[in-house]
>>> print(open('target-v2.txt').read())   # compact mmCIF, C-alpha atoms
# COMPACT_ATOMS: atom_id res chain seq x y z
CA MET A 1 117.23 92.00 103.62
CA ARG A 2 118.19 88.91 101.74
CA ALA A 3 118.82 89.24 98.03
CA GLY A 4 116.55 87.50 95.58
CA PHE A 5 113.30 88.10 97.42
CA PRO A 6 110.71 90.84 96.93
CA ASP A 7 110.92 93.73 99.39
CA PHE A 8 108.53 93.83 102.29
CA ARG A 9 105.68 96.33 102.26
CA LEU A 10 105.85 97.87 105.69
CA GLY A 11 103.00 99.83 107.17
CA ASN A 12 102.04 101.31 110.50
CA VAL A 13 99.65 98.53 111.52
CA LEU A 14 101.20 95.15 112.28
CA ALA A 15 98.25 92.95 111.28
CA THR A 16 97.58 94.57 107.91
CA SER A 17 101.30 94.79 107.17
CA PHE A 18 101.40 91.06 107.78
CA THR A 19 98.60 90.45 105.27
CA GLY A 20 100.72 92.48 102.84
CA THR A 21 103.27 89.67 102.76
CA LEU A 22 101.07 88.36 99.94
CA SER A 23 100.25 91.17 97.53
CA GLU A 24 98.52 91.46 94.18
CA ARG A 25 96.05 88.78 95.27
CA HIS A 26 93.80 89.45 92.26
CA GLY A 27 96.59 89.74 89.69
CA ASP A 28 99.93 87.97 89.67
CA PRO A 29 100.36 87.21 93.40
CA VAL A 30 103.66 88.21 95.00
CA GLU A 31 104.61 86.01 97.97
CA ARG A 32 107.01 87.95 100.22
CA ILE A 33 107.55 85.12 102.73
CA PRO A 34 108.09 82.14 100.40
CA VAL A 35 110.51 80.33 102.72
CA PRO A 36 110.84 80.09 106.51
CA HIS A 37 113.85 82.39 106.82
CA ARG A 38 111.89 85.20 105.12
CA LEU A 39 109.29 84.99 107.89
CA VAL A 40 112.14 85.32 110.41
CA ASP A 41 113.30 88.43 108.48
CA TRP A 42 109.80 89.94 108.42
CA LEU A 43 109.27 89.34 112.13
CA GLU A 44 112.63 90.94 112.94
CA VAL A 45 111.86 94.04 110.86
CA ASN A 46 108.59 94.34 112.80
CA GLY A 47 110.14 94.06 116.26
CA LEU A 48 109.19 90.42 116.85
CA ALA A 49 112.55 88.70 116.41
CA VAL A 50 112.74 84.92 116.63
CA ASP A 51 115.75 82.72 115.92
CA THR A 52 114.27 80.09 113.65
CA CYS A 53 111.22 79.08 111.68
CA THR A 54 110.25 75.65 110.44
CA PRO A 55 108.17 74.92 107.34
CA ALA A 56 105.28 73.94 109.65
CA GLN A 57 105.52 77.31 111.45
CA LEU A 58 105.53 79.09 108.08
CA ASP A 59 102.31 77.22 107.26
CA LEU A 60 100.80 78.45 110.55
CA ALA A 61 101.84 81.99 109.69
CA ARG A 62 100.30 81.83 106.24
CA GLU A 63 97.07 80.38 107.68
CA LEU A 64 96.93 83.31 110.13
CA ARG A 65 97.73 85.80 107.36
CA GLU A 66 94.89 84.52 105.19
CA SER A 67 92.50 84.44 108.15
CA ILE A 68 93.32 88.05 109.03
CA HIS A 69 92.88 89.04 105.40
CA ALA A 70 89.49 87.30 105.20
CA ALA A 71 88.23 88.82 108.46
CA ALA A 72 89.59 92.30 107.70
CA THR A 73 88.08 92.22 104.21
CA ALA A 74 84.70 91.22 105.65
CA ALA A 75 84.93 93.97 108.28
CA ALA A 76 85.89 96.56 105.65
CA VAL A 77 82.79 95.81 103.58
CA ARG A 78 80.64 95.29 106.69
CA ASP A 79 79.96 91.61 106.06
CA ALA A 80 79.75 88.94 108.73
CA LEU A 81 83.16 87.77 109.85
CA PRO A 82 83.97 84.30 108.50
CA ALA A 83 83.81 81.86 111.42
CA PRO A 84 86.84 79.77 110.33
CA ALA A 85 88.99 82.92 110.10
CA VAL A 86 87.86 84.10 113.53
CA GLN A 87 88.66 80.68 114.96
CA VAL A 88 92.22 80.77 113.56
CA ILE A 89 92.82 84.34 114.77
CA ASN A 90 91.52 83.56 118.26
CA GLY A 91 93.51 80.35 118.42
CA ARG A 92 96.77 82.01 117.46
CA SER A 93 96.15 84.87 119.86
CA ALA A 94 95.65 82.48 122.77
CA GLN A 95 98.71 80.33 122.02
CA GLY A 96 101.50 82.86 122.45
CA ARG A 97 103.71 84.02 125.24
CA ALA A 98 104.32 87.72 124.73
CA ALA A 99 104.13 90.73 126.99
CA THR A 100 103.11 94.26 126.26
CA ILE A 101 105.30 96.96 127.75
CA LEU A 102 105.13 100.72 128.05
CA THR A 103 108.04 102.55 126.43
CA PRO A 104 109.59 105.70 127.96
CA GLU A 105 107.77 107.65 125.23
CA GLY A 106 104.43 106.37 126.52
CA LYS A 107 103.83 103.96 123.64
CA ARG A 108 102.71 100.35 123.85
CA GLN A 109 105.23 97.82 122.54
CA TRP A 110 105.20 94.04 122.38
CA ARG A 111 108.12 92.14 123.82
CA LEU A 112 109.02 88.53 123.21
CA SER A 113 111.33 86.65 125.55
CA SER A 114 114.74 85.53 124.34
CA ALA A 115 113.35 81.98 123.98
CA SER A 116 110.37 83.01 121.87
CA ARG A 117 109.03 80.94 119.05
CA VAL A 118 107.22 81.87 115.86
CA GLU A 119 103.94 81.00 117.60
CA ASP A 120 104.62 83.74 120.17
CA ALA A 121 105.13 86.32 117.42
CA LEU A 122 101.99 85.12 115.64
CA SER A 123 100.01 85.64 118.84
CA VAL A 124 101.03 89.30 118.82
CA ILE A 125 99.94 89.68 115.19
CA ALA A 126 96.62 87.96 115.96
CA ALA A 127 96.04 90.24 118.98
CA ASP A 128 96.72 93.27 116.78
CA ALA A 129 94.23 91.98 114.21
CA ILE A 130 91.63 91.53 116.92
CA SER A 131 92.05 95.12 118.07
CA ILE A 132 91.55 96.60 114.59
CA ILE A 133 88.76 94.27 113.47
CA ALA A 134 86.91 94.85 116.75
CA GLY A 135 87.10 98.60 116.15
CA GLU A 136 89.15 99.36 119.26
CA ARG A 137 91.53 101.70 117.45
CA ASP A 138 90.96 105.07 115.85
CA GLY A 139 90.69 104.41 112.14
CA ARG A 140 88.76 102.23 109.72
CA LEU A 141 89.44 99.11 107.72
CA ALA A 142 89.33 99.67 103.97
CA LEU A 143 90.22 97.80 100.80
CA CYS A 144 92.81 99.00 98.30
CA ALA A 145 91.20 100.53 95.20
CA SER A 146 93.67 98.73 92.92
CA PRO A 147 91.71 95.97 91.15
CA THR A 148 94.70 93.62 91.25
CA CYS A 149 95.51 94.25 94.91
CA ARG A 150 92.36 94.71 97.04
CA ALA A 151 94.47 94.46 100.20
CA ALA A 152 92.82 95.29 103.49
CA PHE A 153 94.48 98.25 105.18
CA PHE A 154 93.82 100.36 108.25
CA ASP A 155 93.05 103.96 107.30
CA THR A 156 94.08 106.44 109.96
CA SER A 157 94.00 109.50 107.67
CA GLN A 158 92.10 112.46 109.06
CA SER A 159 89.26 112.13 106.54
CA ARG A 160 89.30 108.29 106.50
CA THR A 161 89.11 108.39 102.69
CA ARG A 162 92.44 106.83 101.74
CA LYS A 163 92.12 104.69 98.59
CA TRP A 164 95.38 102.77 98.37
CA CYS A 165 97.06 100.28 100.67
CA ASP A 166 100.38 101.89 99.73
CA MET A 167 100.73 105.12 97.77
CA ASN A 168 104.23 104.16 96.62
CA THR A 169 103.03 101.01 94.87
CA CYS A 170 99.32 100.70 94.20
CA GLY A 171 98.58 104.42 94.25
CA ASN A 172 101.42 105.36 91.92
CA ARG A 173 100.64 102.46 89.58
CA GLN A 174 97.02 103.59 89.26
CA LYS A 175 97.93 107.26 88.83
CA LYS A 176 100.49 106.36 86.16
CA ALA A 177 97.93 104.23 84.29
CA ARG A 178 95.41 107.09 84.43
CA PHE A 179 98.06 109.57 83.18
CA ILE A 180 99.03 107.33 80.25
CA ALA A 181 95.37 106.80 79.32
CA ASN A 182 94.79 110.56 79.37
CA GLN A 183 97.90 111.15 77.23
CA ARG A 184 96.63 108.64 74.64
CA LYS A 185 93.19 110.23 74.68
CA ASN A 186 94.70 113.69 74.18
CA LEU A 187 96.84 112.44 71.29
CA ARG A 188 93.79 110.92 69.58
CA SER A 189 91.83 114.16 70.10
CA ALA A 190 94.64 116.19 68.53
CA GLU A 191 94.69 114.09 65.33
>>> encode(input="target-v2.txt", output="structure tokens")
Amino acid sequence: MRAGFPDFRLGNVLATSFTGTLSERHGDPVERIPVPHRLVDWLEVNGLAVDTCTPAQLDLARELRESIHAAATAAAVRDALPAPAVQVINGRSAQGRAATILTPEGKRQWRLSSASRVEDALSVIAADAISIIAGERDGRLALCASPTCRAAFFDTSQSRTRKWCDMNTCGNRQKKARFIANQRKNLRSAE
């Protein structure tokens, strides 16, 4: 990864990992794709390599990211899906040229051609969002319990009771805060 930029938060679900390129939405937001070449980096890490990205394509990507976040958040709290977000997701899904292939291990994988553009990669992300928001996959959409994060994530845990988008960041931060608060409370009680 390129120095000087925040690390990517990588998950197991493409669409919600993509929404994680903007984190701490209700605190001090952290933009993980601030420039076009960072989107190229993120796509490569996620198996959707493209050669270049223009500022206009980065704007398209961010519009899709925010639309997925809005629709996934609505689905997680069982609200009506916002029509503008659905329109963007459907539009991006229909615009791309990508193929799905079956790997030797029996897994589905997306493949872009050697001449693929950012729009082709975005179509894959939009199609992934459609499959999770439509409830086609085993799991449930949920929102991170961190009050500064509130990221939508796809919970595939056995009990479907996961609280954090990422245990290594939001979960640990919340557990550490709770531990410190308990330590202070215990110190005051001992006085």
>>> atom_distance(input="target-v2.txt", atom1="atom CA of A:Val124", atom2="atom CA of A:Leu102")
15.2 Å
>>> residues_around(input="target-v2.txt", residues="A:Ala99", least_positions_apart="4", cutoff="10 Å", atoms="all atoms listed in the file", output="PyMOL selection string")
chain A and resi 109-113+120+124
>>> closest_residue(input="target-v2.txt", among="A:Gly91, A:Pro6, A:Pro84, A:Gly11", to="A:Glu119", atoms="only C-alpha atoms")
A:Gly91
>>> residues_around(input="target-v2.txt", residues="A:Val30", least_positions_apart="4", cutoff="12 Å", atoms="all atoms listed in the file", output="VMD selection string")
chain A and resid 5 to 9 19 to 26 34 148 to 149
>>> atom_distance(input="target-v2.txt", atom1="atom CA of A:Glu66", atom2="atom CA of A:Val35")
16.4 Å
>>> residues_around(input="target-v2.txt", residues="A:Leu141", least_positions_apart="4", cutoff="12 Å", atoms="all atoms listed in the file", output="PDB file with C-alpha atoms, keeping the file's coordinate frame")
ATOM      1  CA  VAL A  13      99.650  98.530 111.520  1.00  0.00           C
ATOM      2  CA  ALA A  15      98.250  92.950 111.280  1.00  0.00           C
ATOM      3  CA  THR A  16      97.580  94.570 107.910  1.00  0.00           C
ATOM      4  CA  ILE A  68      93.320  88.050 109.030  1.00  0.00           C
ATOM      5  CA  HIS A  69      92.880  89.040 105.400  1.00  0.00           C
ATOM      6  CA  ALA A  71      88.230  88.820 108.460  1.00  0.00           C
ATOM      7  CA  ALA A  72      89.590  92.300 107.700  1.00  0.00           C
ATOM      8  CA  THR A  73      88.080  92.220 104.210  1.00  0.00           C
ATOM      9  CA  ALA A  74      84.700  91.220 105.650  1.00  0.00           C
ATOM     10  CA  ALA A  75      84.930  93.970 108.280  1.00  0.00           C
ATOM     11  CA  ALA A  76      85.890  96.560 105.650  1.00  0.00           C
ATOM     12  CA  VAL A  77      82.790  95.810 103.580  1.00  0.00           C
ATOM     13  CA  ARG A  78      80.640  95.290 106.690  1.00  0.00           C
ATOM     14  CA  ALA A 129      94.230  91.980 114.210  1.00  0.00           C
ATOM     15  CA  SER A 131      92.050  95.120 118.070  1.00  0.00           C
ATOM     16  CA  ILE A 132      91.550  96.600 114.590  1.00  0.00           C
ATOM     17  CA  ILE A 133      88.760  94.270 113.470  1.00  0.00           C
ATOM     18  CA  ALA A 134      86.910  94.850 116.750  1.00  0.00           C
ATOM     19  CA  GLY A 135      87.100  98.600 116.150  1.00  0.00           C
ATOM     20  CA  GLU A 136      89.150  99.360 119.260  1.00  0.00           C
ATOM     21  CA  ARG A 137      91.530 101.700 117.450  1.00  0.00           C
ATOM     22  CA  ARG A 150      92.360  94.710  97.040  1.00  0.00           C
ATOM     23  CA  ALA A 151      94.470  94.460 100.200  1.00  0.00           C
ATOM     24  CA  ALA A 152      92.820  95.290 103.490  1.00  0.00           C
ATOM     25  CA  PHE A 153      94.480  98.250 105.180  1.00  0.00           C
ATOM     26  CA  PHE A 154      93.820 100.360 108.250  1.00  0.00           C
ATOM     27  CA  ASP A 155      93.050 103.960 107.300  1.00  0.00           C
ATOM     28  CA  THR A 156      94.080 106.440 109.960  1.00  0.00           C
ATOM     29  CA  SER A 157      94.000 109.500 107.670  1.00  0.00           C
ATOM     30  CA  ARG A 160      89.300 108.290 106.500  1.00  0.00           C
ATOM     31  CA  THR A 161      89.110 108.390 102.690  1.00  0.00           C
ATOM     32  CA  ARG A 162      92.440 106.830 101.740  1.00  0.00           C
ATOM     33  CA  LYS A 163      92.120 104.690  98.590  1.00  0.00           C
ATOM     34  CA  TRP A 164      95.380 102.770  98.370  1.00  0.00           C
ATOM     35  CA  CYS A 165      97.060 100.280 100.670  1.00  0.00           C
TER      36      CYS A 165
END
>>> residues_around(input="target-v2.txt", residues="A:Ala56", least_positions_apart="3", cutoff="12 Å", atoms="all atoms listed in the file", output="ChimeraX atom specification")
/A:35-36,39,52-53,59-63,118-119
>>> atom_distance(input="target-v2.txt", atom1="atom CA of A:Arg97", atom2="atom CA of A:Glu44")
16.7 Å
>>> residues_around(input="target-v2.txt", residues="A:Ser93", least_positions_apart="3", cutoff="8 Å", atoms="all atoms listed in the file", output="number ranges by chain")
A: 89-90, 96, 122-127
>>> closest_residue(input="target-v2.txt", among="A:Ser146, A:Gln57, A:Val40, A:Asp51", to="A:Gly27", atoms="all atoms listed in the file")
A:Ser146
>>> closest_residue(input="target-v2.txt", among="A:Asp28, A:Asn46, A:Leu81, A:Ala98", to="A:Arg117", atoms="all atoms listed in the file")
A:Ala98
>>> closest_residue(input="target-v2.txt", among="A:Arg108, A:Ala121, A:Ile33, A:Ser159", to="A:Gly47", atoms="all atoms listed in the file")
A:Ala121
>>> decode(input="target-v2.txt", residues="stretch 92-128 of chain A", atoms="N, CA, C and O atoms", output="PDB file, in the first residue's frame")
ATOM      1  N   ARG A  92     -25.303   1.571 -11.673  1.00  0.00           N
ATOM      2  CA  ARG A  92     -23.906   1.099 -11.710  1.00  0.00           C
ATOM      3  C   ARG A  92     -23.833  -0.391 -12.032  1.00  0.00           C
ATOM      4  O   ARG A  92     -22.955  -0.832 -12.752  1.00  0.00           O
ATOM      5  N   SER A  93     -24.764  -1.149 -11.505  1.00  0.00           N
ATOM      6  CA  SER A  93     -24.765  -2.586 -11.770  1.00  0.00           C
ATOM      7  C   SER A  93     -24.949  -2.869 -13.255  1.00  0.00           C
ATOM      8  O   SER A  93     -24.299  -3.755 -13.811  1.00  0.00           O
ATOM      9  N   ALA A  94     -25.815  -2.105 -13.892  1.00  0.00           N
ATOM     10  CA  ALA A  94     -26.138  -2.339 -15.307  1.00  0.00           C
ATOM     11  C   ALA A  94     -25.064  -1.837 -16.264  1.00  0.00           C
ATOM     12  O   ALA A  94     -25.031  -2.263 -17.418  1.00  0.00           O
ATOM     13  N   GLN A  95     -24.171  -0.963 -15.802  1.00  0.00           N
ATOM     14  CA  GLN A  95     -23.206  -0.334 -16.702  1.00  0.00           C
ATOM     15  C   GLN A  95     -21.939  -1.137 -16.948  1.00  0.00           C
ATOM     16  O   GLN A  95     -21.196  -0.826 -17.857  1.00  0.00           O
ATOM     17  N   GLY A  96     -21.658  -2.122 -16.155  1.00  0.00           N
ATOM     18  CA  GLY A  96     -20.360  -2.773 -16.227  1.00  0.00           C
ATOM     19  C   GLY A  96     -20.270  -3.957 -17.163  1.00  0.00           C
ATOM     20  O   GLY A  96     -21.275  -4.502 -17.616  1.00  0.00           O
ATOM     21  N   ARG A  97     -19.029  -4.299 -17.449  1.00  0.00           N
ATOM     22  CA  ARG A  97     -18.724  -5.480 -18.251  1.00  0.00           C
ATOM     23  C   ARG A  97     -17.815  -6.386 -17.421  1.00  0.00           C
ATOM     24  O   ARG A  97     -16.597  -6.261 -17.455  1.00  0.00           O
ATOM     25  N   ALA A  98     -18.413  -7.258 -16.663  1.00  0.00           N
ATOM     26  CA  ALA A  98     -17.662  -8.200 -15.847  1.00  0.00           C
ATOM     27  C   ALA A  98     -18.323  -9.565 -15.981  1.00  0.00           C
ATOM     28  O   ALA A  98     -19.505  -9.662 -16.288  1.00  0.00           O
ATOM     29  N   ALA A  99     -17.540 -10.578 -15.754  1.00  0.00           N
ATOM     30  CA  ALA A  99     -18.068 -11.945 -15.815  1.00  0.00           C
ATOM     31  C   ALA A  99     -17.844 -12.622 -14.479  1.00  0.00           C
ATOM     32  O   ALA A  99     -16.879 -12.342 -13.778  1.00  0.00           O
ATOM     33  N   THR A 100     -18.748 -13.499 -14.142  1.00  0.00           N
ATOM     34  CA  THR A 100     -18.552 -14.311 -12.948  1.00  0.00           C
ATOM     35  C   THR A 100     -18.062 -15.673 -13.417  1.00  0.00           C
ATOM     36  O   THR A 100     -18.535 -16.211 -14.419  1.00  0.00           O
ATOM     37  N   ILE A 101     -17.077 -16.188 -12.706  1.00  0.00           N
ATOM     38  CA  ILE A 101     -16.505 -17.492 -13.063  1.00  0.00           C
ATOM     39  C   ILE A 101     -16.553 -18.415 -11.854  1.00  0.00           C
ATOM     40  O   ILE A 101     -16.671 -17.956 -10.720  1.00  0.00           O
ATOM     41  N   LEU A 102     -16.441 -19.692 -12.115  1.00  0.00           N
ATOM     42  CA  LEU A 102     -16.380 -20.700 -11.074  1.00  0.00           C
ATOM     43  C   LEU A 102     -14.932 -21.118 -10.899  1.00  0.00           C
ATOM     44  O   LEU A 102     -14.270 -21.517 -11.866  1.00  0.00           O
ATOM     45  N   THR A 103     -14.409 -21.013  -9.680  1.00  0.00           N
ATOM     46  CA  THR A 103     -13.021 -21.391  -9.435  1.00  0.00           C
ATOM     47  C   THR A 103     -12.923 -22.914  -9.291  1.00  0.00           C
ATOM     48  O   THR A 103     -13.943 -23.586  -9.069  1.00  0.00           O
ATOM     49  N   PRO A 104     -11.718 -23.470  -9.371  1.00  0.00           N
ATOM     50  CA  PRO A 104     -11.553 -24.919  -9.168  1.00  0.00           C
ATOM     51  C   PRO A 104     -12.030 -25.381  -7.791  1.00  0.00           C
ATOM     52  O   PRO A 104     -12.393 -26.544  -7.609  1.00  0.00           O
ATOM     53  N   GLU A 105     -12.063 -24.459  -6.835  1.00  0.00           N
ATOM     54  CA  GLU A 105     -12.522 -24.793  -5.478  1.00  0.00           C
ATOM     55  C   GLU A 105     -14.038 -24.727  -5.345  1.00  0.00           C
ATOM     56  O   GLU A 105     -14.589 -24.939  -4.277  1.00  0.00           O
ATOM     57  N   GLY A 106     -14.717 -24.402  -6.451  1.00  0.00           N
ATOM     58  CA  GLY A 106     -16.168 -24.328  -6.425  1.00  0.00           C
ATOM     59  C   GLY A 106     -16.716 -23.013  -5.906  1.00  0.00           C
ATOM     60  O   GLY A 106     -17.871 -22.942  -5.505  1.00  0.00           O
ATOM     61  N   LYS A 107     -15.911 -21.979  -5.914  1.00  0.00           N
ATOM     62  CA  LYS A 107     -16.338 -20.657  -5.447  1.00  0.00           C
ATOM     63  C   LYS A 107     -16.625 -19.753  -6.628  1.00  0.00           C
ATOM     64  O   LYS A 107     -16.026 -19.883  -7.694  1.00  0.00           O
ATOM     65  N   ARG A 108     -17.530 -18.813  -6.425  1.00  0.00           N
ATOM     66  CA  ARG A 108     -17.821 -17.804  -7.439  1.00  0.00           C
ATOM     67  C   ARG A 108     -16.787 -16.690  -7.323  1.00  0.00           C
ATOM     68  O   ARG A 108     -16.444 -16.252  -6.230  1.00  0.00           O
ATOM     69  N   GLN A 109     -16.295 -16.219  -8.467  1.00  0.00           N
ATOM     70  CA  GLN A 109     -15.324 -15.130  -8.484  1.00  0.00           C
ATOM     71  C   GLN A 109     -15.632 -14.228  -9.674  1.00  0.00           C
ATOM     72  O   GLN A 109     -16.030 -14.698 -10.736  1.00  0.00           O
ATOM     73  N   TRP A 110     -15.457 -12.928  -9.474  1.00  0.00           N
ATOM     74  CA  TRP A 110     -15.675 -11.977 -10.559  1.00  0.00           C
ATOM     75  C   TRP A 110     -14.384 -11.816 -11.339  1.00  0.00           C
ATOM     76  O   TRP A 110     -13.315 -11.798 -10.766  1.00  0.00           O
ATOM     77  N   ARG A 111     -14.516 -11.665 -12.633  1.00  0.00           N
ATOM     78  CA  ARG A 111     -13.348 -11.453 -13.472  1.00  0.00           C
ATOM     79  C   ARG A 111     -13.611 -10.274 -14.394  1.00  0.00           C
ATOM     80  O   ARG A 111     -14.631 -10.214 -15.072  1.00  0.00           O
ATOM     81  N   LEU A 112     -12.653  -9.363 -14.401  1.00  0.00           N
ATOM     82  CA  LEU A 112     -12.690  -8.226 -15.309  1.00  0.00           C
ATOM     83  C   LEU A 112     -11.757  -8.540 -16.467  1.00  0.00           C
ATOM     84  O   LEU A 112     -10.764  -9.242 -16.300  1.00  0.00           O
ATOM     85  N   SER A 113     -12.043  -8.003 -17.632  1.00  0.00           N
ATOM     86  CA  SER A 113     -11.152  -8.207 -18.775  1.00  0.00           C
ATOM     87  C   SER A 113      -9.916  -7.327 -18.598  1.00  0.00           C
ATOM     88  O   SER A 113      -9.880  -6.431 -17.760  1.00  0.00           O
ATOM     89  N   SER A 114      -8.913  -7.568 -19.402  1.00  0.00           N
ATOM     90  CA  SER A 114      -7.687  -6.780 -19.296  1.00  0.00           C
ATOM     91  C   SER A 114      -7.919  -5.310 -19.653  1.00  0.00           C
ATOM     92  O   SER A 114      -7.133  -4.453 -19.273  1.00  0.00           O
ATOM     93  N   ALA A 115      -8.984  -5.008 -20.354  1.00  0.00           N
ATOM     94  CA  ALA A 115      -9.290  -3.626 -20.742  1.00  0.00           C
ATOM     95  C   ALA A 115     -10.377  -3.018 -19.859  1.00  0.00           C
ATOM     96  O   ALA A 115     -11.053  -2.087 -20.258  1.00  0.00           O
ATOM     97  N   SER A 116     -10.525  -3.523 -18.663  1.00  0.00           N
ATOM     98  CA  SER A 116     -11.612  -3.058 -17.798  1.00  0.00           C
ATOM     99  C   SER A 116     -11.364  -1.658 -17.269  1.00  0.00           C
ATOM    100  O   SER A 116     -10.233  -1.226 -17.078  1.00  0.00           O
ATOM    101  N   ARG A 117     -12.487  -1.003 -17.024  1.00  0.00           N
ATOM    102  CA  ARG A 117     -12.475   0.344 -16.491  1.00  0.00           C
ATOM    103  C   ARG A 117     -13.021   0.326 -15.069  1.00  0.00           C
ATOM    104  O   ARG A 117     -13.579  -0.668 -14.619  1.00  0.00           O
ATOM    105  N   VAL A 118     -12.887   1.438 -14.388  1.00  0.00           N
ATOM    106  CA  VAL A 118     -13.429   1.564 -13.036  1.00  0.00           C
ATOM    107  C   VAL A 118     -14.913   1.239 -13.033  1.00  0.00           C
ATOM    108  O   VAL A 118     -15.417   0.568 -12.127  1.00  0.00           O
ATOM    109  N   GLU A 119     -15.641   1.681 -14.044  1.00  0.00           N
ATOM    110  CA  GLU A 119     -17.082   1.428 -14.110  1.00  0.00           C
ATOM    111  C   GLU A 119     -17.394  -0.071 -14.092  1.00  0.00           C
ATOM    112  O   GLU A 119     -18.410  -0.495 -13.523  1.00  0.00           O
ATOM    113  N   ASP A 120     -16.529  -0.879 -14.697  1.00  0.00           N
ATOM    114  CA  ASP A 120     -16.730  -2.333 -14.686  1.00  0.00           C
ATOM    115  C   ASP A 120     -16.579  -2.887 -13.272  1.00  0.00           C
ATOM    116  O   ASP A 120     -17.355  -3.732 -12.827  1.00  0.00           O
ATOM    117  N   ALA A 121     -15.571  -2.400 -12.552  1.00  0.00           N
ATOM    118  CA  ALA A 121     -15.373  -2.832 -11.165  1.00  0.00           C
ATOM    119  C   ALA A 121     -16.531  -2.365 -10.287  1.00  0.00           C
ATOM    120  O   ALA A 121     -17.006  -3.114  -9.422  1.00  0.00           O
ATOM    121  N   LEU A 122     -17.003  -1.145 -10.513  1.00  0.00           N
ATOM    122  CA  LEU A 122     -18.133  -0.638  -9.727  1.00  0.00           C
ATOM    123  C   LEU A 122     -19.388  -1.461  -9.969  1.00  0.00           C
ATOM    124  O   LEU A 122     -20.201  -1.643  -9.062  1.00  0.00           O
ATOM    125  N   SER A 123     -19.543  -1.995 -11.179  1.00  0.00           N
ATOM    126  CA  SER A 123     -20.720  -2.826 -11.454  1.00  0.00           C
ATOM    127  C   SER A 123     -20.697  -4.098 -10.622  1.00  0.00           C
ATOM    128  O   SER A 123     -21.738  -4.573 -10.174  1.00  0.00           O
ATOM    129  N   VAL A 124     -19.516  -4.629 -10.391  1.00  0.00           N
ATOM    130  CA  VAL A 124     -19.379  -5.826  -9.548  1.00  0.00           C
ATOM    131  C   VAL A 124     -19.756  -5.493  -8.103  1.00  0.00           C
ATOM    132  O   VAL A 124     -20.486  -6.245  -7.449  1.00  0.00           O
ATOM    133  N   ILE A 125     -19.269  -4.361  -7.620  1.00  0.00           N
ATOM    134  CA  ILE A 125     -19.579  -3.943  -6.247  1.00  0.00           C
ATOM    135  C   ILE A 125     -21.085  -3.710  -6.106  1.00  0.00           C
ATOM    136  O   ILE A 125     -21.697  -4.131  -5.121  1.00  0.00           O
ATOM    137  N   ALA A 126     -21.687  -3.068  -7.090  1.00  0.00           N
ATOM    138  CA  ALA A 126     -23.137  -2.829  -7.054  1.00  0.00           C
ATOM    139  C   ALA A 126     -23.910  -4.144  -7.070  1.00  0.00           C
ATOM    140  O   ALA A 126     -24.888  -4.303  -6.322  1.00  0.00           O
ATOM    141  N   ALA A 127     -23.491  -5.095  -7.895  1.00  0.00           N
ATOM    142  CA  ALA A 127     -24.163  -6.401  -7.945  1.00  0.00           C
ATOM    143  C   ALA A 127     -24.047  -7.113  -6.603  1.00  0.00           C
ATOM    144  O   ALA A 127     -25.000  -7.757  -6.140  1.00  0.00           O
ATOM    145  N   ASP A 128     -22.894  -6.991  -5.954  1.00  0.00           N
ATOM    146  CA  ASP A 128     -22.713  -7.594  -4.630  1.00  0.00           C
ATOM    147  C   ASP A 128     -23.654  -6.937  -3.620  1.00  0.00           C
ATOM    148  O   ASP A 128     -24.278  -7.620  -2.807  1.00  0.00           O
TER     149      ASP A 128
END
